[in-house]
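Source file: final-v5.txt; contents: compact mmCIF, C-alpha atoms.
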# COMPACT_ATOMS: atom_id res chain seq x y z
CA MET K 1 142.94 67.24 105.40
CA ALA K 2 142.56 67.67 101.66
CA LYS K 3 141.58 64.02 101.37
CA GLY K 4 138.71 64.44 103.84
CA MET K 5 137.46 67.33 101.79
CA ARG K 6 137.37 65.31 98.62
CA GLU K 7 135.40 62.59 100.35
CA ILE K 8 132.82 65.06 101.60
CA LYS K 9 132.57 66.57 98.16
CA SER K 10 131.81 63.21 96.50
CA LYS K 11 129.25 62.50 99.18
CA ILE K 12 127.52 65.78 98.43
CA LYS K 13 127.53 64.93 94.78
CA SER K 14 125.95 61.51 95.25
CA THR K 15 123.33 62.87 97.62
CA GLN K 16 122.45 65.46 95.01
CA ASN K 17 121.96 62.73 92.43
CA THR K 18 119.69 60.81 94.76
CA LYS K 19 117.74 63.96 95.46
CA GLN K 20 117.20 64.51 91.78
CA ILE K 21 115.85 61.01 91.37
CA THR K 22 113.51 61.17 94.34
CA LYS K 23 112.29 64.56 93.20
CA ALA K 24 111.49 63.18 89.74
CA MET K 25 109.73 60.16 91.25
CA GLU K 26 107.67 62.44 93.43
CA MET K 27 106.48 64.38 90.43
CA VAL K 28 105.75 61.24 88.43
CA ALA K 29 103.74 59.83 91.34
CA ALA K 30 101.82 63.10 91.64
CA SER K 31 100.73 63.03 88.04
CA LYS K 32 99.89 59.33 88.21
CA LEU K 33 97.90 59.96 91.35
CA ARG K 34 95.80 62.49 89.51
CA ARG K 35 95.18 59.99 86.74
CA ALA K 36 94.32 57.23 89.21
CA GLN K 37 91.85 59.50 90.96
CA ASN K 38 90.21 60.32 87.66
CA ALA K 39 89.99 56.64 86.79
CA ALA K 40 88.36 55.92 90.15
CA LEU K 41 85.91 58.71 89.49
CA ALA K 42 85.16 57.44 85.98
CA SER K 43 84.30 53.99 87.30
CA ARG K 44 81.73 55.40 89.71
CA PRO K 45 78.77 55.74 87.31
CA TYR K 46 78.97 52.05 86.41
CA SER K 47 78.94 50.73 89.95
CA ASP K 48 76.41 53.31 91.10
CA LYS K 49 74.10 52.30 88.30
CA LEU K 50 74.48 48.60 89.03
CA LYS K 51 73.76 49.25 92.67
CA GLU K 52 70.71 51.26 91.73
CA VAL K 53 69.28 48.44 89.65
CA VAL K 54 70.02 45.86 92.34
CA SER K 55 68.34 48.08 94.91
CA SER K 56 65.28 48.52 92.82
CA ILE K 57 64.96 44.78 92.39
CA ALA K 58 65.65 44.09 96.05
CA THR K 59 63.03 46.58 97.19
CA SER K 60 60.48 45.84 94.51
CA GLY K 61 58.39 43.98 97.03
CA SER K 62 58.54 40.54 95.51
CA SER K 63 60.63 38.51 97.90
CA VAL K 64 63.80 37.96 95.96
CA SER K 65 66.53 35.91 97.45
CA HIS K 66 69.89 35.11 96.03
CA PRO K 67 72.76 33.06 97.47
CA MET K 68 75.06 36.05 97.18
CA LEU K 69 72.87 38.06 99.50
CA GLU K 70 72.56 35.42 102.19
CA SER K 71 75.15 34.73 104.82
CA ARG K 72 75.70 31.10 105.62
CA PRO K 73 77.73 29.45 108.38
CA VAL K 74 81.37 30.12 107.70
CA LYS K 75 83.56 27.11 107.20
CA ARG K 76 86.14 28.56 104.86
CA SER K 77 87.05 32.10 103.92
CA ALA K 78 88.77 33.69 100.97
CA TYR K 79 90.85 36.82 100.79
CA LEU K 80 91.53 38.91 97.73
CA VAL K 81 94.68 40.85 98.51
CA ILE K 82 95.47 43.93 96.47
CA THR K 83 98.98 45.35 96.72
CA SER K 84 101.28 47.30 94.45
CA ASP K 85 103.90 45.80 92.16
CA ARG K 86 106.66 48.11 93.27
CA GLY K 87 107.82 49.35 96.62
CA GLN K 88 109.14 52.83 97.33
CA ALA K 89 105.84 53.70 98.85
CA GLY K 90 106.69 53.86 102.54
CA GLY K 91 104.88 51.35 104.71
CA LEU K 92 101.94 51.00 102.38
CA ASN K 93 102.25 47.34 101.47
CA SER K 94 103.90 46.09 104.64
CA ASN K 95 101.23 47.63 106.87
CA LEU K 96 98.53 46.01 104.81
CA LEU K 97 100.19 42.61 104.70
CA LYS K 98 100.97 42.68 108.40
CA LYS K 99 97.34 43.35 109.10
CA LEU K 100 96.30 40.50 106.83
CA VAL K 101 98.68 37.98 108.37
CA GLU K 102 97.57 38.98 111.86
CA LYS K 103 93.98 38.39 110.91
CA LEU K 104 94.77 35.07 109.26
CA LYS K 105 96.59 33.84 112.34
CA GLU K 106 93.92 35.01 114.68
CA LYS K 107 90.96 33.68 112.76
CA HIS K 108 92.15 30.45 111.22
CA LYS K 109 93.82 27.42 112.70
CA SER K 110 95.23 26.00 109.52
CA GLN K 111 95.82 26.93 105.94
CA ASP K 112 92.98 24.71 104.80
CA GLU K 113 90.51 27.20 106.18
CA PHE K 114 91.17 29.94 103.67
CA SER K 115 92.13 30.68 100.07
CA LEU K 116 94.18 33.60 98.90
CA PHE K 117 93.89 35.58 95.69
CA VAL K 118 96.60 38.15 95.13
CA ILE K 119 96.97 41.14 92.84
CA GLY K 120 100.43 42.73 92.86
CA ARG K 121 103.99 41.49 93.14
CA LYS K 122 104.64 42.81 96.65
CA GLY K 123 101.83 40.84 98.19
CA TYR K 124 102.64 37.74 96.17
CA ASP K 125 106.32 37.71 97.19
CA TYR K 126 105.52 38.41 100.82
CA LEU K 127 102.96 35.63 101.13
CA VAL K 128 104.97 33.09 99.15
CA ARG K 129 107.97 33.74 101.38
CA ARG K 130 105.81 32.96 104.38
CA LYS K 131 104.69 29.71 102.77
CA TYR K 132 101.10 30.67 102.19
CA GLU K 133 99.39 28.90 99.38
CA ILE K 134 98.06 31.21 96.70
CA ARG K 135 95.12 30.22 94.55
CA GLN K 136 95.57 32.75 91.81
CA GLU K 137 97.62 35.87 91.29
CA ILE K 138 97.96 38.75 88.89
CA ILE K 139 101.29 40.48 88.66
CA GLY K 140 102.09 43.53 86.61
CA ALA K 141 98.69 45.14 86.29
CA PRO K 142 99.28 48.46 84.52
CA ASP K 143 99.17 51.78 86.33
CA SER K 144 95.84 52.62 84.83
CA PRO K 145 94.23 49.17 84.89
CA THR K 146 91.25 48.24 82.75
CA PHE K 147 88.46 45.99 83.81
CA ALA K 148 89.73 43.28 81.47
CA ASP K 149 93.06 43.17 83.36
CA ILE K 150 91.48 41.81 86.52
CA LYS K 151 88.36 40.17 85.13
CA SER K 152 89.78 36.66 85.43
CA ILE K 153 90.80 36.90 89.08
CA ALA K 154 87.64 38.77 90.06
CA SER K 155 85.35 36.23 88.49
CA ALA K 156 87.39 33.36 89.95
CA ALA K 157 87.08 34.88 93.42
CA VAL K 158 83.36 35.49 93.04
CA GLY K 159 82.83 32.10 91.38
CA GLY K 160 84.41 30.28 94.33
CA PHE K 161 81.83 31.83 96.61
CA GLU K 162 79.02 30.99 94.25
CA ASN K 163 79.84 27.31 94.06
CA GLY K 164 80.28 27.07 97.80
CA GLU K 165 84.03 26.62 98.02
CA TYR K 166 84.13 29.27 100.71
CA ASP K 167 81.46 31.11 102.60
CA GLU K 168 82.82 34.62 102.74
CA LEU K 169 85.11 36.75 100.65
CA PHE K 170 87.18 39.66 101.91
CA VAL K 171 88.94 42.32 99.91
CA VAL K 172 92.20 43.47 101.44
CA TYR K 173 93.40 46.82 100.12
CA ASN K 174 94.49 50.32 101.04
CA ARG K 175 91.60 52.70 101.27
CA PHE K 176 92.46 56.05 99.80
CA VAL K 177 91.63 59.02 101.99
CA ASN K 178 93.98 61.60 100.58
CA ALA K 179 97.55 61.83 99.31
CA VAL K 180 99.01 61.51 102.81
CA THR K 181 96.55 59.12 104.40
CA GLN K 182 95.83 55.58 103.28
CA ILE K 183 94.11 53.13 105.55
CA PRO K 184 94.82 49.39 105.30
CA THR K 185 91.38 47.84 105.10
CA ILE K 186 89.93 44.34 105.20
CA LYS K 187 86.44 44.61 103.86
CA GLN K 188 83.85 41.90 103.58
CA MET K 189 82.62 41.73 100.04
CA LEU K 190 80.59 38.54 99.89
CA PRO K 191 77.96 37.77 100.94
CA LEU K 192 76.82 41.21 99.86
CA ASP K 193 75.41 43.30 102.60
CA ALA K 194 71.73 43.40 101.73
CA SER K 195 71.09 46.47 103.86
CA GLN K 196 73.10 48.68 101.51
CA PHE K 197 70.45 48.12 98.88
CA ASP K 198 67.60 49.27 101.07
CA LYS K 199 68.12 52.94 100.63
CA GLN K 200 66.44 54.02 97.50
CA ASP K 201 65.72 57.43 96.10
CA SER K 202 62.15 58.14 95.25
CA SER K 203 62.80 58.86 91.58
CA LEU K 204 63.26 55.15 91.09
CA SER K 205 60.16 53.91 92.74
CA ALA K 206 58.52 53.24 89.39
CA GLY K 207 58.29 49.48 89.24
CA TYR K 208 60.41 47.89 86.58
CA GLU K 209 59.43 45.11 84.32
CA TYR K 210 61.98 42.37 84.25
CA GLU K 211 62.89 40.37 81.19
CA PRO K 212 62.83 37.41 81.64
CA ASP K 213 62.35 37.77 85.44
CA ALA K 214 63.86 39.41 88.48
CA GLU K 215 65.78 36.38 89.65
CA ALA K 216 67.39 35.71 86.30
CA ILE K 217 68.56 39.29 86.31
CA LEU K 218 69.98 39.07 89.81
CA ASP K 219 71.84 35.95 88.71
CA VAL K 220 73.73 37.94 86.12
CA LEU K 221 73.83 41.22 87.93
CA LEU K 222 75.13 40.33 91.37
CA PRO K 223 78.33 38.60 90.22
CA LYS K 224 78.94 41.60 87.97
CA TYR K 225 78.40 43.94 90.84
CA ALA K 226 80.85 42.00 92.98
CA GLU K 227 83.45 42.07 90.21
CA THR K 228 82.97 45.79 89.89
CA LEU K 229 83.61 46.16 93.60
CA VAL K 230 86.92 44.35 93.12
CA PHE K 231 87.79 46.66 90.27
CA SER K 232 87.03 49.80 92.23
CA SER K 233 89.08 48.50 95.16
CA LEU K 234 91.96 48.01 92.77
CA LEU K 235 91.61 51.55 91.46
CA GLU K 236 91.52 52.87 94.98
CA ASN K 237 94.59 50.89 95.91
CA LYS K 238 96.37 52.32 92.89
CA ALA K 239 95.52 55.81 94.03
CA SER K 240 96.78 54.93 97.52
CA GLU K 241 99.99 53.57 96.05
CA PHE K 242 100.77 56.76 94.18
CA GLY K 243 99.73 58.90 97.10
CA ALA K 244 102.01 56.96 99.44
CA ARG K 245 104.85 57.05 96.94
CA MET K 246 104.46 60.77 96.54
CA THR K 247 104.65 61.31 100.28
CA ALA K 248 107.57 58.92 100.69
CA MET K 249 109.51 60.53 97.89
CA SER K 250 108.83 64.05 99.08
CA SER K 251 110.19 63.20 102.52
CA ALA K 252 113.17 61.51 100.88
CA THR K 253 113.82 64.71 98.94
CA LYS K 254 113.55 66.72 102.11
CA ASN K 255 116.01 64.44 103.89
CA ALA K 256 118.43 64.72 101.00
CA THR K 257 118.26 68.50 101.11
CA LYS K 258 118.97 68.47 104.82
CA MET K 259 121.88 66.09 104.33
CA ILE K 260 123.36 68.24 101.58
CA ASN K 261 123.17 71.30 103.82
CA GLU K 262 124.94 69.49 106.64
CA LEU K 263 127.59 68.12 104.35
CA THR K 264 128.19 71.53 102.79
CA LEU K 265 128.72 72.96 106.23
CA HIS K 266 131.23 70.22 107.04
CA TYR K 267 132.93 70.81 103.74
CA ASN K 268 133.30 74.54 104.36
CA ARG K 269 134.61 73.96 107.86
CA ALA K 270 137.14 71.51 106.55
CA ARG K 271 138.17 73.92 103.83
CA GLN K 272 138.63 76.72 106.32
CA ALA K 273 140.58 74.49 108.65
CA ALA K 274 142.85 73.51 105.79
CA ILE K 275 143.48 77.15 104.88
CA THR K 276 144.16 78.11 108.49
CA GLN K 277 146.61 75.28 108.81
CA GLU K 278 148.41 76.28 105.66
CA ILE K 279 148.75 79.87 106.87
CA THR K 280 150.03 78.69 110.22
CA GLU K 281 152.59 76.56 108.43
CA ILE K 282 153.70 79.45 106.21
CA VAL K 283 153.93 81.85 109.13
CA GLY K 284 155.76 79.24 111.14
CA GLY K 285 158.19 78.70 108.28
CA ALA K 286 158.74 82.44 107.78
CA ASN K 287 159.38 82.93 111.49
CA ALA K 288 161.89 80.12 111.48
CA ILE K 289 163.87 81.75 108.67
CA SER K 290 163.99 85.25 110.15
CA MET G 291 60.19 63.68 67.03
CA SER G 292 60.55 62.93 70.70
CA THR G 293 63.86 61.67 71.93
CA LEU G 294 65.23 59.60 74.74
CA ARG G 295 68.63 59.78 76.29
CA LEU G 296 70.94 56.84 75.69
CA GLU G 297 73.86 56.24 78.03
CA ILE G 298 76.33 53.42 77.61
CA VAL G 299 78.52 52.95 80.65
CA THR G 300 81.49 50.62 81.16
CA PRO G 301 83.61 50.26 84.30
CA GLU G 302 86.22 52.53 82.75
CA ARG G 303 84.21 55.32 81.26
CA ILE G 304 80.99 56.53 79.73
CA VAL G 305 81.17 55.40 76.11
CA TYR G 306 78.11 57.08 74.72
CA GLU G 307 75.74 59.75 75.95
CA GLN G 308 73.34 61.29 73.46
CA ASP G 309 69.70 61.97 72.72
CA VAL G 310 68.36 59.46 70.23
CA ASN G 311 65.02 58.50 68.73
CA MET G 312 65.13 54.74 69.03
CA VAL G 313 67.30 51.99 70.44
CA ILE G 314 67.19 48.45 69.09
CA ALA G 315 68.92 45.92 71.31
CA ASN G 316 69.26 42.17 71.57
CA GLY G 317 67.95 41.11 74.94
CA VAL G 318 68.49 37.56 76.18
CA SER G 319 64.88 36.79 75.36
CA GLY G 320 64.83 38.42 71.95
CA GLN G 321 65.32 41.61 70.05
CA LEU G 322 63.51 44.66 71.29
CA GLY G 323 63.11 48.21 70.12
CA VAL G 324 62.80 50.99 72.64
CA LEU G 325 61.02 54.24 71.85
CA PRO G 326 60.53 57.19 74.17
CA ASN G 327 57.99 56.60 76.96
CA HIS G 328 58.68 52.91 77.15
CA VAL G 329 57.57 51.04 80.26
CA PRO G 330 60.44 50.91 82.81
CA MET G 331 62.27 47.66 82.28
CA VAL G 332 65.48 45.81 83.00
CA THR G 333 66.94 43.09 80.83
CA PRO G 334 70.30 41.43 80.30
CA LEU G 335 71.74 41.78 76.80
CA LYS G 336 73.38 39.37 74.43
CA ILE G 337 76.78 40.02 72.92
CA ALA G 338 75.62 41.85 69.81
CA PRO G 339 75.63 45.26 68.23
CA ILE G 340 72.83 47.59 69.25
CA ARG G 341 71.27 49.87 66.68
CA VAL G 342 70.65 53.49 67.47
CA LYS G 343 68.35 55.65 65.33
CA LYS G 344 68.89 59.35 65.47
CA GLY G 345 67.03 61.54 63.01
CA ASN G 346 67.60 59.93 59.65
CA SER G 347 70.88 58.30 60.50
CA GLU G 348 71.51 54.98 62.16
CA GLU G 349 74.50 53.96 64.24
CA LEU G 350 75.81 50.63 65.42
CA ILE G 351 77.53 50.21 68.77
CA ALA G 352 79.19 46.98 69.83
CA VAL G 353 77.99 46.01 73.31
CA HIS G 354 79.56 42.96 74.89
CA GLY G 355 76.88 41.60 77.14
CA GLY G 356 75.67 43.49 80.16
CA PHE G 357 72.36 45.11 80.95
CA MET G 358 69.85 47.54 79.68
CA GLU G 359 67.80 49.64 82.02
CA VAL G 360 64.90 51.44 80.38
CA ARG G 361 63.10 54.37 81.89
CA LYS G 362 60.60 56.73 80.36
CA GLU G 363 63.08 59.20 78.92
CA LYS G 364 66.29 57.36 79.43
CA VAL G 365 68.02 54.14 78.49
CA VAL G 366 71.13 53.09 80.36
CA ILE G 367 73.26 50.24 79.09
CA LEU G 368 75.80 48.77 81.48
CA ALA G 369 78.41 46.62 79.81
CA GLU G 370 81.88 45.40 80.61
CA ALA G 371 82.99 46.62 77.21
CA ALA G 372 81.38 48.73 74.51
CA GLU G 373 82.81 50.33 71.41
CA GLN G 374 81.64 52.60 68.68
CA GLY G 375 82.46 51.64 65.10
CA ALA G 376 85.32 54.09 64.74
CA ASP G 377 87.14 52.73 67.81
CA ILE G 378 87.25 49.16 66.59
CA ASP G 379 90.41 47.56 65.32
CA LEU G 380 88.99 45.58 62.43
CA SER G 381 92.04 43.48 61.62
CA ARG G 382 92.34 42.44 65.25
CA ALA G 383 88.70 41.46 65.33
CA ARG G 384 89.17 39.39 62.14
CA GLN G 385 92.13 37.60 63.68
CA ALA G 386 90.15 36.93 66.83
CA LYS G 387 87.32 35.53 64.72
CA GLU G 388 89.63 33.15 62.87
CA ARG G 389 91.29 32.03 66.06
CA ALA G 390 87.97 31.38 67.74
CA GLU G 391 86.66 29.47 64.72
CA GLN G 392 89.75 27.32 64.63
CA ARG G 393 89.40 26.51 68.27
CA LEU G 394 85.77 25.62 67.89
CA ALA G 395 86.49 23.45 64.87
CA SER G 396 89.43 21.64 66.39
CA LYS G 397 87.36 19.89 69.07
CA ASN G 398 90.52 19.92 71.07
CA GLU G 399 90.14 19.40 74.79
CA GLN G 400 92.80 21.95 75.54
CA TYR G 401 90.55 24.84 74.50
CA ASP G 402 87.61 25.97 76.50
CA HIS G 403 84.68 25.78 74.09
CA LYS G 404 82.49 28.18 75.95
CA ARG G 405 85.22 30.77 76.00
CA ALA G 406 85.95 30.33 72.31
CA GLU G 407 82.29 30.75 71.51
CA LEU G 408 82.08 33.96 73.50
CA ALA G 409 85.23 35.21 71.80
CA LEU G 410 83.71 34.43 68.42
CA GLN G 411 80.55 36.33 69.31
CA ARG G 412 82.57 39.33 70.41
CA ALA G 413 84.63 39.27 67.25
CA LEU G 414 81.53 39.01 65.05
CA THR G 415 79.89 41.85 66.92
CA ARG G 416 82.93 44.02 66.37
CA ILE G 417 83.17 43.19 62.68
CA GLN G 418 79.50 43.85 62.17
CA THR G 419 79.71 47.15 63.99
CA SER G 420 82.71 48.49 62.15
CA GLY G 421 81.68 47.26 58.71
CA GLN G 422 78.87 49.73 58.19
Can you present the structure in this file as structure tokens?
Amino acid sequence: MAKGMREIKSKIKSTQNTKQITKAMEMVAASKLRRAQNAALASRPYSDKLKEVVSSIATSGSSVSHPMLESRPVKRSAYLVITSDRGQAGGLNSNLLKKLVEKLKEKHKSQDEFSLFVIGRKGYDYLVRRKYEIRQEIIGAPDSPTFADIKSIASAAVGGFENGEYDELFVVYNRFVNAVTQIPTIKQMLPLDASQFDKQDSSLSAGYEYEPDAEAILDVLLPKYAETLVFSSLLENKASEFGARMTAMSSATKNATKMINELTLHYNRARQAAITQEITEIVGGANAIS
Amino acid sequence: MSTLRLEIVTPERIVYEQDVNMVIANGVSGQLGVLPNHVPMVTPLKIAPIRVKKGNSEELIAVHGGFMEVRKEKVVILAEAAEQGADIDLSRARQAKERAEQRLASKNEQYDHKRAELALQRALTRIQTSGQ
């Protein structure tokens, strides 16, 4: 019996260690989540402003057209997949990737019909293992990414659309709702949805002068805007990652606590049983002598 | 003296937000100075320092491309990167300048000339901004 007790005791000990780790990870994720949310908030003014300027050009009356605003018949598609580098975030990445693969299988007959851009090790490993060809990837983007970190992949993805390599570009990422809810999302990014630029607040209605002209500005501005969209999706995915990790780790901590309680109960029972047995043996022995 | 509000915004943060008297920027079609009550205007910018006049002092801010949106009382500059003089790592900028110059001089196919040129412009802008 004593041996069983020792086993239970070491099990309790190891569960306690695990609990400590998951607890620490939960707290780390919580603080990183706050930072990621702040970063997402800080990037808002830039994209809002860009959108404002695009809107004012688009609605300025002069008929401005730009290839990035026009949808053309779709022959090839591209997907920019944003995942995390590390796991331990529940079903965050696998749900997203499952959704992506489903869509790829449903929409395309062969691999020649789409290109993949990947940010994050999880997505890269998953897709490589399934023999998908990956155009470009970024692995190891820091927890608080800067625009420069993803500039190359964003401009490559946007550039491919511009020179007609593919006719639509989707961003695949986890939309952040709150710390417990993240929604795997496949969002069309290019061609840009022109209708989003229609709404315009009246304070802006003053006509701008354009140097050198409106179209030259759109040429520079729209690719920038698209790259910014990629960046904000990345920030949102980061927030989702930490949110999911926080939730996963908090439930792991809860499970560990429950397990420790159960094991402690077992341990006490075993201890009591051992004592009872010993007493019975002693009493038995004493009776035998008398 | 009347003032206008200057905001410099990058994807990561708001770099600069103050009331100033005059902004002198390098647009793609030439240098332009903006005073309060300017006609609303939008123009892309070159990679160059912009000069900001405030009272009697003058400041330089490195702006790496991007846009300027001018309204009557407000100028907004959107750039992928922007730095004030104090934030610039001068030795790093010098190294970047040398590297870019070498690459441009080498006429080697392995380097992307356009990229090296842009890098050189950025480095020069930084050096100019910090060396006031």
- Task: Compile the residues of chain K that lie within 6 Å of chain G, evaluated using all atoms listed in the file, and express the compilation as a count of residues only.
- Result: 7
- Option closest in space to Asn346 of chain G, from G:Asn311, G:Ser396, G:Ser381, G:Thr419 [counting all atoms listed in the file]: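 The closest residue to Asn346 of chain G is G:Asn311.
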Axis-aligned box for all listed atoms of segment 5-14 of chain K, 4 Å per side, centre and edges in Å to one decimal, as JSON:
{"center_x": 131.7, "center_y": 64.4, "center_z": 98.3, "size_x": 19.5, "size_y": 13.8, "size_z": 15.0}
Quick one: residues within 10 Å of Tyr225 of chain K, all atoms listed in the file, excluding same-chain residues fewer than 4 positions away - as a PDB file with C-alpha atoms, in the coordinates of the input?
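Result written to part_5.pdb:
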ATOM      1  CA  TYR K  46      78.970  52.050  86.410  1.00  0.00           C
ATOM      2  CA  SER K  47      78.940  50.730  89.950  1.00  0.00           C
ATOM      3  CA  ASP K  48      76.410  53.310  91.100  1.00  0.00           C
ATOM      4  CA  LYS K  49      74.100  52.300  88.300  1.00  0.00           C
ATOM      5  CA  LEU K  50      74.480  48.600  89.030  1.00  0.00           C
ATOM      6  CA  LYS K  51      73.760  49.250  92.670  1.00  0.00           C
ATOM      7  CA  VAL K  54      70.020  45.860  92.340  1.00  0.00           C
ATOM      8  CA  LEU K 192      76.820  41.210  99.860  1.00  0.00           C
ATOM      9  CA  LEU K 218      69.980  39.070  89.810  1.00  0.00           C
ATOM     10  CA  VAL K 220      73.730  37.940  86.120  1.00  0.00           C
ATOM     11  CA  LEU K 221      73.830  41.220  87.930  1.00  0.00           C
ATOM     12  CA  LEU K 229      83.610  46.160  93.600  1.00  0.00           C
ATOM     13  CA  VAL K 230      86.920  44.350  93.120  1.00  0.00           C
ATOM     14  CA  PHE K 231      87.790  46.660  90.270  1.00  0.00           C
TER      15      PHE K 231
END
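By chain and then residue number, the residues within 7 Å of Val353 of chain G are Ile337, Ala338, Pro339, Ile340, Ile351, Gly355, Ala369, Ala371, Ala372 and Glu373 of chain G, counting only C-alpha atoms and disregarding those fewer than 2 positions away in sequence.
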- Using all atoms listed in the file, which of G:Ala376, G:Ile314, G:Glu363, G:Leu325 sits nearest Arg341 of chain G?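 Among the listed residues, G:Ile314 lies closest to Arg341 of chain G.
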- Query: What is the atom CA of Leu296 of chain G-atom CA of Leu414 of chain G distance in Å, reported with one decimal?
  - Reply: 23.3 Å
- Kindly give the distance, in Å, that separates atom CA of Leu350 of chain G and atom CA of Pro326 of chain G, rounded to a single decimal. 18.8 Å
- Task: Just give me the gap between atom CA of Lys11 of chain K and atom CA of Lys254 of chain K in Å, one decimal is fine.
- Result: 16.5 Å
- Query: Any idea what's packed within 8 Å of segment 81-84 of chain K, counting only C-alpha atoms, ignoring anything in its chain fewer than 5 positions away? Could you give it as number ranges by chain?
  - Reply: K: 93, 116-123, 171-174, 233-234, 237-238, 241
- Message: Excluding Met68 of chain K and its own-chain neighbours fewer than 5 positions away, which residues fall within 12 Å of it when counting only C-alpha atoms? Please give them as a VMD selection string.
- Response: chain K and resid 158 to 164 166 to 169 189 to 194 215 218 to 226
- Using only C-alpha atoms, which residue out of G:Val310, G:Leu322, G:Ala352, G:Val342 lies closest to Ala383 of chain G?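 Distance minimum relative to Ala383 of chain G lands on G:Ala352.
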Could you give me, as a PDB file with C-alpha atoms, in the frame of the given file, the residues within 9 Å of Phe242 of chain K, counting all atoms listed in the file and dropping anything in the same chain fewer than 3 positions from it?
ATOM      1  CA  GLU K  26     107.670  62.440  93.430  1.00  0.00           C
ATOM      2  CA  VAL K  28     105.750  61.240  88.430  1.00  0.00           C
ATOM      3  CA  ALA K  29     103.740  59.830  91.340  1.00  0.00           C
ATOM      4  CA  ALA K  30     101.820  63.100  91.640  1.00  0.00           C
ATOM      5  CA  SER K  31     100.730  63.030  88.040  1.00  0.00           C
ATOM      6  CA  LYS K  32      99.890  59.330  88.210  1.00  0.00           C
ATOM      7  CA  LEU K  33      97.900  59.960  91.350  1.00  0.00           C
ATOM      8  CA  ARG K  34      95.800  62.490  89.510  1.00  0.00           C
ATOM      9  CA  ALA K  36      94.320  57.230  89.210  1.00  0.00           C
ATOM     10  CA  ALA K  89     105.840  53.700  98.850  1.00  0.00           C
ATOM     11  CA  ALA K 179      97.550  61.830  99.310  1.00  0.00           C
ATOM     12  CA  ASN K 237      94.590  50.890  95.910  1.00  0.00           C
ATOM     13  CA  LYS K 238      96.370  52.320  92.890  1.00  0.00           C
ATOM     14  CA  ALA K 239      95.520  55.810  94.030  1.00  0.00           C
ATOM     15  CA  ARG K 245     104.850  57.050  96.940  1.00  0.00           C
ATOM     16  CA  MET K 246     104.460  60.770  96.540  1.00  0.00           C
ATOM     17  CA  THR K 247     104.650  61.310 100.280  1.00  0.00           C
TER      18      THR K 247
END
